[in-house]
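Structure file query-v9.pdb (PDB, C-alpha atoms) follows.
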```pdb
ATOM      1  CA  MET A   1      93.253 119.968  87.205
ATOM      2  CA  ILE A   2      94.276 122.949  89.308
ATOM      3  CA  LYS A   3      92.627 123.465  92.674
ATOM      4  CA  TYR A   4      92.918 126.669  94.674
ATOM      5  CA  ILE A   5      92.828 126.324  98.443
ATOM      6  CA  LEU A   6      92.439 129.526 100.433
ATOM      7  CA  VAL A   7      93.447 129.239 104.082
ATOM      8  CA  SER A   8      93.179 131.984 106.696
ATOM      9  CA  HIS A   9      92.919 132.926 110.339
ATOM     10  CA  GLY A  10      89.155 133.452 110.716
ATOM     11  CA  LYS A  11      86.791 134.036 107.846
ATOM     12  CA  LEU A  12      89.024 135.832 105.367
ATOM     13  CA  ALA A  13      89.272 132.703 103.202
ATOM     14  CA  SER A  14      85.525 132.121 102.897
ATOM     15  CA  GLY A  15      85.042 135.880 102.476
ATOM     16  CA  MET A  16      87.551 135.904  99.602
ATOM     17  CA  LYS A  17      85.792 132.939  98.031
ATOM     18  CA  SER A  18      82.527 134.845  98.240
ATOM     19  CA  MET A  19      84.153 137.900  96.603
ATOM     20  CA  LEU A  20      85.607 135.731  93.816
ATOM     21  CA  GLU A  21      82.242 134.145  93.084
ATOM     22  CA  VAL A  22      80.491 137.513  92.911
ATOM     23  CA  ILE A  23      82.955 138.605  90.254
ATOM     24  CA  LEU A  24      83.747 135.365  88.426
ATOM     25  CA  GLY A  25      80.607 133.340  89.049
ATOM     26  CA  LYS A  26      80.374 130.038  90.875
ATOM     27  CA  ARG A  27      83.605 128.027  90.899
ATOM     28  CA  ASP A  28      84.102 124.469  92.037
ATOM     29  CA  ASP A  29      87.887 124.680  91.947
ATOM     30  CA  ILE A  30      88.113 126.942  95.006
ATOM     31  CA  VAL A  31      88.146 125.603  98.546
ATOM     32  CA  ALA A  32      88.112 127.935 101.548
ATOM     33  CA  ILE A  33      89.423 126.883 104.957
ATOM     34  CA  ASP A  34      88.698 129.273 107.837
ATOM     35  CA  ALA A  35      91.035 128.324 110.697
ATOM     36  CA  TYR A  36      90.561 128.908 114.432
ATOM     37  CA  ILE A  37      86.886 129.867 114.442
ATOM     38  CA  ASP A  38      85.722 126.569 115.926
ATOM     39  CA  ASP A  39      87.194 123.314 117.161
ATOM     40  CA  PHE A  40      87.755 122.123 113.643
ATOM     41  CA  ASP A  41      91.388 121.296 112.931
ATOM     42  CA  PHE A  42      92.480 123.168 109.796
ATOM     43  CA  GLU A  43      95.597 120.996 109.525
ATOM     44  CA  LYS A  44      93.354 117.951 109.076
ATOM     45  CA  SER A  45      91.364 119.735 106.354
ATOM     46  CA  ILE A  46      94.567 120.449 104.494
ATOM     47  CA  GLN A  47      95.800 116.861 104.902
ATOM     48  CA  ASN A  48      92.438 115.611 103.635
ATOM     49  CA  ILE A  49      92.592 117.706 100.506
ATOM     50  CA  ILE A  50      96.142 116.588  99.791
ATOM     51  CA  ASN A  51      95.344 112.922 100.446
ATOM     52  CA  HIS A  52      92.369 113.058  98.107
ATOM     53  CA  SER A  53      94.345 114.585  95.247
ATOM     54  CA  ASP A  54      96.392 112.779  92.663
ATOM     55  CA  LEU A  55      99.527 114.869  92.755
ATOM     56  CA  ASN A  56     100.883 113.115  89.689
ATOM     57  CA  LYS A  57      98.424 115.102  87.608
ATOM     58  CA  ASP A  58      96.558 117.530  89.877
ATOM     59  CA  LYS A  59      98.073 120.759  91.050
ATOM     60  CA  LEU A  60      97.200 122.373  94.362
ATOM     61  CA  ILE A  61      97.774 126.082  94.842
ATOM     62  CA  PHE A  62      97.483 127.093  98.483
ATOM     63  CA  VAL A  63      97.011 130.781  99.262
ATOM     64  CA  SER A  64      97.362 131.789 102.896
ATOM     65  CA  ASP A  65      96.691 135.085 104.606
ATOM     66  CA  LEU A  66      99.850 135.867 106.511
ATOM     67  CA  LEU A  67     103.570 135.304 106.136
ATOM     68  CA  GLY A  68     104.888 134.032 109.459
ATOM     69  CA  GLY A  69     101.400 133.101 110.659
ATOM     70  CA  SER A  70     100.725 129.595 111.933
ATOM     71  CA  VAL A  71      98.552 128.751 108.920
ATOM     72  CA  ASN A  72     101.279 129.510 106.428
ATOM     73  CA  ASN A  73     103.914 127.958 108.694
ATOM     74  CA  TYR A  74     101.979 124.711 108.629
ATOM     75  CA  LEU A  75     101.691 124.812 104.836
ATOM     76  CA  LEU A  76     105.465 125.121 104.586
ATOM     77  CA  ASN A  77     105.651 121.438 105.553
ATOM     78  CA  TYR A  78     104.550 120.747 101.975
ATOM     79  CA  LEU A  79     107.032 123.074 100.334
ATOM     80  CA  SER A  80     108.935 120.308  98.616
ATOM     81  CA  THR A  81     105.895 118.194  97.700
ATOM     82  CA  LYS A  82     105.454 117.822  93.964
ATOM     83  CA  ASN A  83     102.636 119.912  92.426
ATOM     84  CA  ILE A  84     101.926 121.832  95.599
ATOM     85  CA  TYR A  85     102.394 125.588  95.405
ATOM     86  CA  ILE A  86     102.213 127.907  98.412
ATOM     87  CA  ILE A  87     101.538 131.629  98.167
ATOM     88  CA  THR A  88     100.995 133.962 101.089
ATOM     89  CA  GLY A  89      99.639 137.535 101.331
ATOM     90  CA  MET A  90      96.117 136.773 100.126
ATOM     91  CA  ASN A  91      94.282 139.686  98.510
ATOM     92  CA  SER A  92      91.593 140.232  95.893
ATOM     93  CA  SER A  93      93.830 141.307  93.055
ATOM     94  CA  LEU A  94      96.212 138.381  93.602
ATOM     95  CA  LEU A  95      93.389 135.850  93.516
ATOM     96  CA  LEU A  96      91.533 137.398  90.583
ATOM     97  CA  THR A  97      94.691 137.447  88.476
ATOM     98  CA  LEU A  98      95.594 133.925  89.527
ATOM     99  CA  LEU A  99      92.153 132.570  88.680
ATOM    100  CA  THR A 100      91.764 134.325  85.356
ATOM    101  CA  SER A 101      95.230 133.644  83.926
ATOM    102  CA  SER A 102      95.425 131.371  80.925
ATOM    103  CA  LYS A 103      95.734 127.752  81.984
ATOM    104  CA  ASP A 104      98.185 127.169  79.150
ATOM    105  CA  LYS A 105     100.882 129.155  80.858
ATOM    106  CA  ASN A 106     103.453 127.773  83.224
ATOM    107  CA  ILE A 107     102.176 127.839  86.823
ATOM    108  CA  LYS A 108     105.285 129.442  88.293
ATOM    109  CA  GLN A 109     104.894 132.200  85.713
ATOM    110  CA  ILE A 110     101.211 132.704  86.519
ATOM    111  CA  ILE A 111     102.005 132.889  90.225
ATOM    112  CA  SER A 112     104.738 135.448  89.760
ATOM    113  CA  GLN A 113     102.512 137.575  87.457
ATOM    114  CA  SER A 114      99.690 137.432  89.977
ATOM    115  CA  ILE A 115     101.962 138.495  92.825
ATOM    116  CA  ASN A 116     103.266 141.413  90.780
ATOM    117  CA  ALA A 117      99.736 142.481  89.832
ATOM    118  CA  SER A 118      98.679 142.359  93.466
ATOM    119  CA  LYS A 119     101.681 144.407  94.603
ATOM    120  CA  ASP A 120     100.822 147.049  92.001
ATOM    121  CA  SER A 121      97.231 147.114  93.184
ATOM    122  CA  ILE A 122      98.113 148.289  96.680
ATOM    123  CA  MET A 123      98.355 152.047  96.752
ATOM    124  CA  ASP A 124      97.533 155.220  98.567
ATOM    125  CA  CYS A 125      94.789 156.569  96.311
ATOM    126  CA  SER A 126      95.482 160.123  97.448
ATOM    127  CA  ASP A 127      98.760 159.870  95.529
ATOM    128  CA  LEU A 128      97.060 158.919  92.264
ATOM    129  CA  ASP A 129      97.604 161.497  89.571
ATOM    130  CA  LEU A 130      94.312 161.233  87.767
ATOM    131  CA  ASN A 131      95.172 163.722  85.041
ATOM    132  CA  GLN A 132      98.527 162.305  84.030
ATOM    133  CA  ALA A 133      97.552 159.120  82.266
ATOM    134  CA  LYS A 134      97.540 159.165  78.483
ATOM    135  CA  ASP A 135      94.662 157.754  76.483
ATOM    136  CA  ASP A 136      95.244 154.615  74.410
ATOM    137  CA  ILE A 137      94.455 154.864  70.714
ATOM    138  CA  PHE A 138      93.467 152.193  68.182
TER
ATOM    139  CA  MET B 139      86.780 141.797  65.110
ATOM    140  CA  ILE B 140      84.027 142.651  67.550
ATOM    141  CA  LYS B 141      83.927 139.941  70.229
ATOM    142  CA  MET B 142      81.142 141.482  72.250
ATOM    143  CA  THR B 143      79.051 144.624  72.653
ATOM    144  CA  ARG B 144      77.685 145.064  76.159
ATOM    145  CA  ILE B 145      75.296 147.419  77.899
ATOM    146  CA  ASP B 146      76.494 148.077  81.444
ATOM    147  CA  TYR B 147      75.703 151.244  83.338
ATOM    148  CA  ARG B 148      78.845 150.788  85.430
ATOM    149  CA  LEU B 149      80.922 150.481  82.237
ATOM    150  CA  LEU B 150      84.229 148.867  83.283
ATOM    151  CA  HIS B 151      84.225 147.217  86.726
ATOM    152  CA  GLY B 152      85.489 144.046  88.426
ATOM    153  CA  GLN B 153      83.156 141.596  86.745
ATOM    154  CA  VAL B 154      83.728 143.100  83.309
ATOM    155  CA  ALA B 155      87.479 143.623  83.689
ATOM    156  CA  PHE B 156      88.306 140.223  85.148
ATOM    157  CA  ALA B 157      85.554 137.845  84.118
ATOM    158  CA  TRP B 158      84.213 139.022  80.744
ATOM    159  CA  SER B 159      87.354 140.344  79.110
ATOM    160  CA  ASN B 160      89.135 137.140  80.036
ATOM    161  CA  PHE B 161      86.231 134.956  78.898
ATOM    162  CA  ILE B 162      86.074 136.517  75.429
ATOM    163  CA  SER B 163      89.888 137.016  75.226
ATOM    164  CA  ALA B 164      89.510 140.732  74.589
ATOM    165  CA  ASP B 165      92.698 142.645  73.849
ATOM    166  CA  CYS B 166      91.025 146.018  73.382
ATOM    167  CA  ILE B 167      88.119 147.610  75.234
ATOM    168  CA  LEU B 168      86.216 150.515  73.709
ATOM    169  CA  ILE B 169      84.137 152.622  76.080
ATOM    170  CA  ALA B 170      81.699 154.335  73.731
ATOM    171  CA  ASN B 171      80.159 157.213  75.633
ATOM    172  CA  ASP B 172      79.598 160.904  74.972
ATOM    173  CA  SER B 173      80.258 162.179  78.479
ATOM    174  CA  VAL B 174      83.045 159.938  79.818
ATOM    175  CA  VAL B 175      85.346 160.971  76.986
ATOM    176  CA  ASN B 176      85.424 164.522  78.387
ATOM    177  CA  ASP B 177      85.466 163.549  82.048
ATOM    178  CA  ALA B 178      89.076 163.182  83.235
ATOM    179  CA  MET B 179      88.114 161.931  86.677
ATOM    180  CA  ARG B 180      85.775 159.230  85.396
ATOM    181  CA  LYS B 181      88.259 158.107  82.764
ATOM    182  CA  ALA B 182      90.993 157.911  85.392
ATOM    183  CA  THR B 183      88.931 155.719  87.665
ATOM    184  CA  LEU B 184      87.855 153.452  84.817
ATOM    185  CA  ARG B 185      91.488 153.160  83.763
ATOM    186  CA  LEU B 186      92.283 151.599  87.156
ATOM    187  CA  ALA B 187      90.184 148.594  86.146
ATOM    188  CA  LYS B 188      92.002 148.093  82.853
ATOM    189  CA  PRO B 189      93.042 144.451  82.478
ATOM    190  CA  ASN B 190      96.725 143.684  81.928
ATOM    191  CA  GLY B 191      97.734 143.504  78.299
ATOM    192  CA  CYS B 192      94.500 145.090  77.117
ATOM    193  CA  LYS B 193      94.044 148.482  75.464
ATOM    194  CA  LEU B 194      91.389 150.796  76.854
ATOM    195  CA  ILE B 195      89.987 153.374  74.474
ATOM    196  CA  PHE B 196      87.457 156.112  75.193
ATOM    197  CA  LYS B 197      85.468 157.619  72.328
ATOM    198  CA  ASN B 198      82.181 159.407  71.962
ATOM    199  CA  ILE B 199      79.525 157.557  69.980
ATOM    200  CA  GLU B 200      80.192 159.418  66.748
ATOM    201  CA  ASP B 201      83.946 158.775  66.851
ATOM    202  CA  SER B 202      83.344 155.175  67.908
ATOM    203  CA  LEU B 203      81.270 154.686  64.765
ATOM    204  CA  LYS B 204      83.967 156.269  62.612
ATOM    205  CA  ALA B 205      86.545 153.884  64.056
ATOM    206  CA  LEU B 206      84.286 150.817  63.802
ATOM    207  CA  ASN B 207      83.367 151.577  60.214
ATOM    208  CA  SER B 208      86.982 152.030  59.183
ATOM    209  CA  ASP B 209      89.353 149.059  59.420
ATOM    210  CA  VAL B 210      91.371 150.243  62.451
ATOM    211  CA  THR B 211      89.538 147.993  64.890
ATOM    212  CA  ASP B 212      89.719 144.827  62.764
ATOM    213  CA  LYS B 213      93.011 143.604  64.203
ATOM    214  CA  TYR B 214      91.670 143.575  67.767
ATOM    215  CA  HIS B 215      89.520 141.224  69.756
ATOM    216  CA  LEU B 216      87.317 144.177  70.529
ATOM    217  CA  PHE B 217      85.030 144.492  73.529
ATOM    218  CA  ILE B 218      82.633 147.444  73.215
ATOM    219  CA  ILE B 219      80.901 148.726  76.332
ATOM    220  CA  VAL B 220      78.083 151.267  76.328
ATOM    221  CA  GLU B 221      76.291 152.739  79.294
ATOM    222  CA  ASN B 222      72.694 152.408  78.150
ATOM    223  CA  ILE B 223      70.269 151.122  75.542
ATOM    224  CA  VAL B 224      70.022 154.415  73.628
ATOM    225  CA  ASP B 225      73.785 154.432  73.032
ATOM    226  CA  ALA B 226      73.669 150.789  71.955
ATOM    227  CA  LYS B 227      70.956 151.646  69.448
ATOM    228  CA  ARG B 228      73.023 154.522  68.056
ATOM    229  CA  LEU B 229      75.948 152.146  67.526
ATOM    230  CA  VAL B 230      73.803 149.423  65.993
ATOM    231  CA  GLN B 231      72.159 151.880  63.599
ATOM    232  CA  GLY B 232      75.471 153.325  62.528
ATOM    233  CA  CYS B 233      77.472 150.131  62.182
ATOM    234  CA  ASN B 234      76.533 146.866  60.502
ATOM    235  CA  LYS B 235      79.363 144.979  62.173
ATOM    236  CA  ILE B 236      77.454 144.693  65.456
ATOM    237  CA  LYS B 237      75.490 141.464  65.171
ATOM    238  CA  GLU B 238      75.017 140.686  68.857
ATOM    239  CA  LEU B 239      74.219 142.757  71.902
ATOM    240  CA  ASN B 240      74.700 141.701  75.499
ATOM    241  CA  LEU B 241      72.234 143.132  78.003
ATOM    242  CA  GLY B 242      74.458 143.216  81.081
ATOM    243  CA  LEU B 243      73.382 145.711  83.689
ATOM    244  CA  SER B 244      70.853 148.509  83.460
ATOM    245  CA  LYS B 245      69.531 150.551  86.328
ATOM    246  CA  LYS B 246      66.067 150.382  87.742
ATOM    247  CA  THR B 247      64.360 153.732  87.208
ATOM    248  CA  VAL B 248      60.885 155.069  87.954
ATOM    249  CA  GLY B 249      58.407 153.383  85.629
ATOM    250  CA  SER B 250      60.917 150.863  84.283
ATOM    251  CA  LYS B 251      60.112 147.176  84.044
ATOM    252  CA  ARG B 252      62.370 144.234  84.580
ATOM    253  CA  ILE B 253      62.976 142.053  81.522
ATOM    254  CA  SER B 254      65.801 139.921  82.926
ATOM    255  CA  SER B 255      67.537 139.539  86.270
ATOM    256  CA  SER B 256      69.722 142.607  85.857
ATOM    257  CA  ILE B 257      68.003 144.577  83.098
ATOM    258  CA  TYR B 258      65.287 147.206  83.579
ATOM    259  CA  ILE B 259      63.857 149.164  80.658
ATOM    260  CA  ASN B 260      61.446 152.062  80.202
ATOM    261  CA  GLU B 261      59.097 152.551  77.247
ATOM    262  CA  GLU B 262      61.567 154.453  75.131
ATOM    263  CA  GLU B 263      64.215 151.801  75.706
ATOM    264  CA  GLU B 264      61.736 149.081  74.832
ATOM    265  CA  SER B 265      61.186 150.729  71.489
ATOM    266  CA  ASP B 266      64.969 151.066  71.002
ATOM    267  CA  ILE B 267      65.435 147.368  71.694
ATOM    268  CA  ARG B 268      62.677 146.572  69.212
ATOM    269  CA  THR B 269      64.427 148.678  66.583
ATOM    270  CA  MET B 270      67.632 146.694  67.129
ATOM    271  CA  CYS B 271      65.723 143.395  66.950
ATOM    272  CA  LYS B 272      64.199 144.431  63.631
ATOM    273  CA  LYS B 273      67.667 145.127  62.312
ATOM    274  CA  GLY B 274      68.499 141.475  62.999
ATOM    275  CA  VAL B 275      70.766 141.959  66.001
ATOM    276  CA  GLN B 276      70.748 139.037  68.400
ATOM    277  CA  ILE B 277      69.997 140.409  71.840
ATOM    278  CA  PHE B 278      70.898 138.338  74.870
ATOM    279  CA  ALA B 279      70.707 138.844  78.608
ATOM    280  CA  GLN B 280      73.698 137.578  80.558
ATOM    281  CA  GLN B 281      75.232 139.335  83.525
ATOM    282  CA  GLY B 282      78.413 137.309  83.989
ATOM    283  CA  PRO B 283      80.024 134.693  81.738
ATOM    284  CA  THR B 284      78.947 131.851  84.033
ATOM    285  CA  ASP B 285      75.315 133.011  84.002
ATOM    286  CA  LYS B 286      72.948 131.475  81.503
ATOM    287  CA  LYS B 287      72.810 133.226  78.123
ATOM    288  CA  ILE B 288      69.168 134.060  77.432
ATOM    289  CA  ILE B 289      68.300 135.111  73.888
ATOM    290  CA  MET B 290      65.628 137.779  74.188
ATOM    291  CA  ASN B 291      64.549 138.439  70.599
ATOM    292  CA  ASP B 292      61.364 136.327  70.658
ATOM    293  CA  ALA B 293      60.347 137.678  74.043
ATOM    294  CA  ILE B 294      60.926 141.243  72.875
ATOM    295  CA  GLU B 295      58.807 140.748  69.776
ATOM    296  CA  ARG B 296      55.994 139.403  71.952
ATOM    297  CA  MET B 297      56.179 142.313  74.424
TER
END
```

Could you show the structure in this file as structure tokens?
Amino acid sequence: MIKYILVSHGKLASGMKSMLEVILGKRDDIVAIDAYIDDFDFEKSIQNIINHSDLNKDKLIFVSDLLGGSVNNYLLNYLSTKNIYIITGMNSSLLLTLLTSSKDKNIKQIISQSINASKDSIMDCSDLDLNQAKDDIF
Amino acid sequence: MIKMTRIDYRLLHGQVAFAWSNFISADCILIANDSVVNDAMRKATLRLAKPNGCKLIFKNIEDSLKALNSDVTDKYHLFIIVENIVDAKRLVQGCNKIKELNLGLSKKTVGSKRISSSIYINEEEESDIRTMCKKGVQIFAQQGPTDKKIIMNDAIERM
């Protein structure tokens, strides 16, 4: 089983989870950890999730909000742990692509596709040439 | 092969592009609509929601029927989206390949009544739905793929 753990400074993670469930419906494979909004120790939450997973068969994909931020820096401790994947730069397009990609594909491949899709989704809309695109045909 | 025909007044948007097209493994989306096909701005914005690896085709209702009734669409896992019940009825009447119709989203208008969580219909639309029922089309309400699929035919006949 693949579990997706969103971790952020403040409520971005739970907000992203809410966005995902509006679009994809309720999911029990997404966990959101909002760090630094109360006394709760996010590092403990992450340790708990890892300790309660069987990393011989389960896969954990962590998605954090900020490269260089303390949340992602902490996750990097698990960089060489088997079946743990760490992505940073959380956004809607990244998560939607990640969560809707075929489970049959290789995880590294899914992650790289999702990152590319999310990069392509960031744009200055005033530069869009709305008349240029060609119509598909059957 | 037609995988799904859906009524959705927003046509292609997040829930449809990411959740539905993935759920039914669509590789081609047909937006059947008389006005969008001539509206460059609307087409351009809908195109932004096009899922990766999926074709997106815009045709008016008449040309959609021509395509559906020929064999050009057979090789696709086709996802047809129409904006409203009248357009769905026009497709159903003109094409025997549409056996199922998904009531996704329709707007609340003055005098319309709610027949499922996200579907409002007026009198004319009620009669259109009845016509489709009589033709043997299975009509089901379901907003997203994880929502419950509710077959409406019996309820419509009782209305």

Run the PyMOL selection byres ((chain A) within 6 of (chain B)) against the file shown and list the residues it catches, as a list in words.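 Here the PyMOL selection byres ((chain A) within 6 of (chain B)) matches Ile23, Leu24, Gly25, Leu130 and Asp136 of chain A.
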
What does the PyMOL selection byres ((chain B and resi 143) around 8) select in this file, as a compact mmCIF listing (two decimals) with C-alpha atoms, in the frame of the given file?
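So the final result, stored in selection28.txt, reads:
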```txt
# COMPACT_ATOMS: atom_id res chain seq x y z
CA ILE B 140 84.03 142.65 67.55
CA LYS B 141 83.93 139.94 70.23
CA MET B 142 81.14 141.48 72.25
CA ARG B 144 77.68 145.06 76.16
CA ILE B 145 75.30 147.42 77.90
CA PHE B 217 85.03 144.49 73.53
CA ILE B 218 82.63 147.44 73.22
CA ILE B 219 80.90 148.73 76.33
CA VAL B 220 78.08 151.27 76.33
CA ILE B 236 77.45 144.69 65.46
CA GLU B 238 75.02 140.69 68.86
CA LEU B 239 74.22 142.76 71.90
CA ASN B 240 74.70 141.70 75.50
```

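If you look at CA of Ser250 (chain B) and CA of Asn176 (chain B), they are 28.7 Å away from each other.
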
Between CA of Gln276 (chain B) and CA of Val22 (chain A), what distance in Å does the model show, to one decimal?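 According to the coordinates, CA of Gln276 (chain B) and CA of Val22 (chain A) are separated by 26.4 Å.
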
Residues matched by the PyMOL selection byres ((chain B and resi 268-275) around 8), written as a short mmCIF file (atom, residue, chain, number, x, y, z; two decimals) with C-alpha atoms, in the coordinates of the input:
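Ended up saving to out34.cif:
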```
data_model
loop_
_atom_site.label_atom_id
_atom_site.label_comp_id
_atom_site.auth_asym_id
_atom_site.auth_seq_id
_atom_site.Cartn_x
_atom_site.Cartn_y
_atom_site.Cartn_z
CA LYS B 227 70.96 151.65 69.45
CA VAL B 230 73.80 149.42 65.99
CA GLN B 231 72.16 151.88 63.60
CA ILE B 236 77.45 144.69 65.46
CA LYS B 237 75.49 141.46 65.17
CA GLU B 238 75.02 140.69 68.86
CA LEU B 239 74.22 142.76 71.90
CA GLU B 264 61.74 149.08 74.83
CA SER B 265 61.19 150.73 71.49
CA ASP B 266 64.97 151.07 71.00
CA ILE B 267 65.44 147.37 71.69
CA GLN B 276 70.75 139.04 68.40
CA ILE B 277 70.00 140.41 71.84
CA ASN B 291 64.55 138.44 70.60
CA ILE B 294 60.93 141.24 72.88
CA GLU B 295 58.81 140.75 69.78
#
```

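Between CA of Glu261 (chain B) and CA of Leu206 (chain B) the interatomic distance comes to 28.6 Å.
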
What residues have an atom no more than 12 Å from (98.7, 133.5, 109.4) in the file's own frame, counting only C-alpha atoms, and can you write them as a PyMOL selection string? chain A and resi 6-10+12-13+34-36+63-76+87-90

Using only C-alpha atoms for the distances, tell me which of A:Ile49, A:Ala32, A:Met19, A:Ala133 is nearest to Ile84 (chain A).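 Among the listed residues, the smallest separation from Ile84 (chain A) belongs to A:Ile49.
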
Region 118-127 of chain A environment, 8 Å, all atoms listed in the file, sequence neighbours closer than 5 positions dropped, as a ChimeraX atom specification: /A:91-94

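Closest approach to Leu60 (chain A) among A:Lys105, A:Lys44, A:Lys11, A:Lys3 is made by A:Lys3 (distances from all atoms listed in the file).
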
Take every atom of region 105-119 of chain A listed in the file, pad by 4 Å on each side, and give me the axis-aligned box centre and edge lengths in Å, one decimal, as lines of an AutoDock Vina configuration file.
```
center_x = 102.0
center_y = 136.1
center_z = 87.7
size_x = 14.6
size_y = 24.6
size_z = 21.7
```

Since the input lacks some atoms of region 15-22 of chain A, please model all heavy atoms and print them as a short mmCIF file (atom, residue, chain, number, x, y, z; two decimals), in the coordinates of the input.
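Dumped to selection07.cif:
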```
data_model
loop_
_atom_site.label_atom_id
_atom_site.label_comp_id
_atom_site.auth_asym_id
_atom_site.auth_seq_id
_atom_site.Cartn_x
_atom_site.Cartn_y
_atom_site.Cartn_z
N GLY A 15 85.43 134.56 102.99
CA GLY A 15 85.04 135.88 102.48
C GLY A 15 85.64 136.12 101.10
O GLY A 15 84.96 136.61 100.19
N MET A 16 86.90 135.75 100.91
CA MET A 16 87.55 135.90 99.60
C MET A 16 86.86 135.03 98.56
O MET A 16 86.67 135.43 97.42
CB MET A 16 89.02 135.49 99.69
CG MET A 16 89.92 136.54 100.27
SD MET A 16 90.21 137.89 99.08
CE MET A 16 91.12 139.00 100.13
N LYS A 17 86.48 133.83 98.97
CA LYS A 17 85.79 132.94 98.03
C LYS A 17 84.47 133.58 97.60
O LYS A 17 84.11 133.55 96.42
CB LYS A 17 85.54 131.57 98.69
CG LYS A 17 84.93 130.60 97.72
CD LYS A 17 84.75 129.20 98.28
CE LYS A 17 84.21 128.33 97.17
NZ LYS A 17 83.36 127.28 97.54
N SER A 18 83.79 134.18 98.55
CA SER A 18 82.53 134.84 98.24
C SER A 18 82.76 136.01 97.27
O SER A 18 82.04 136.17 96.28
CB SER A 18 81.88 135.31 99.55
OG SER A 18 81.03 136.39 99.33
N MET A 19 83.81 136.80 97.50
CA MET A 19 84.15 137.90 96.60
C MET A 19 84.44 137.36 95.19
O MET A 19 83.94 137.89 94.20
CB MET A 19 85.38 138.62 97.17
CG MET A 19 85.96 139.77 96.38
SD MET A 19 86.98 139.34 94.95
CE MET A 19 88.38 138.51 95.71
N LEU A 20 85.23 136.29 95.13
CA LEU A 20 85.61 135.73 93.82
C LEU A 20 84.38 135.26 93.05
O LEU A 20 84.28 135.43 91.84
CB LEU A 20 86.58 134.56 94.00
CG LEU A 20 87.98 134.95 94.49
CD1 LEU A 20 88.75 133.72 94.95
CD2 LEU A 20 88.75 135.66 93.37
N GLU A 21 83.42 134.68 93.78
CA GLU A 21 82.24 134.15 93.08
C GLU A 21 81.27 135.24 92.66
O GLU A 21 80.54 135.07 91.69
CB GLU A 21 81.56 133.07 93.94
CG GLU A 21 82.47 131.83 94.01
CD GLU A 21 81.82 130.61 94.63
OE1 GLU A 21 80.88 130.78 95.44
OE2 GLU A 21 82.26 129.49 94.32
N VAL A 22 81.30 136.38 93.37
CA VAL A 22 80.49 137.51 92.91
C VAL A 22 81.04 138.00 91.57
O VAL A 22 80.29 138.29 90.63
CB VAL A 22 80.51 138.67 93.94
CG1 VAL A 22 79.97 139.96 93.32
CG2 VAL A 22 79.70 138.30 95.17
#
```
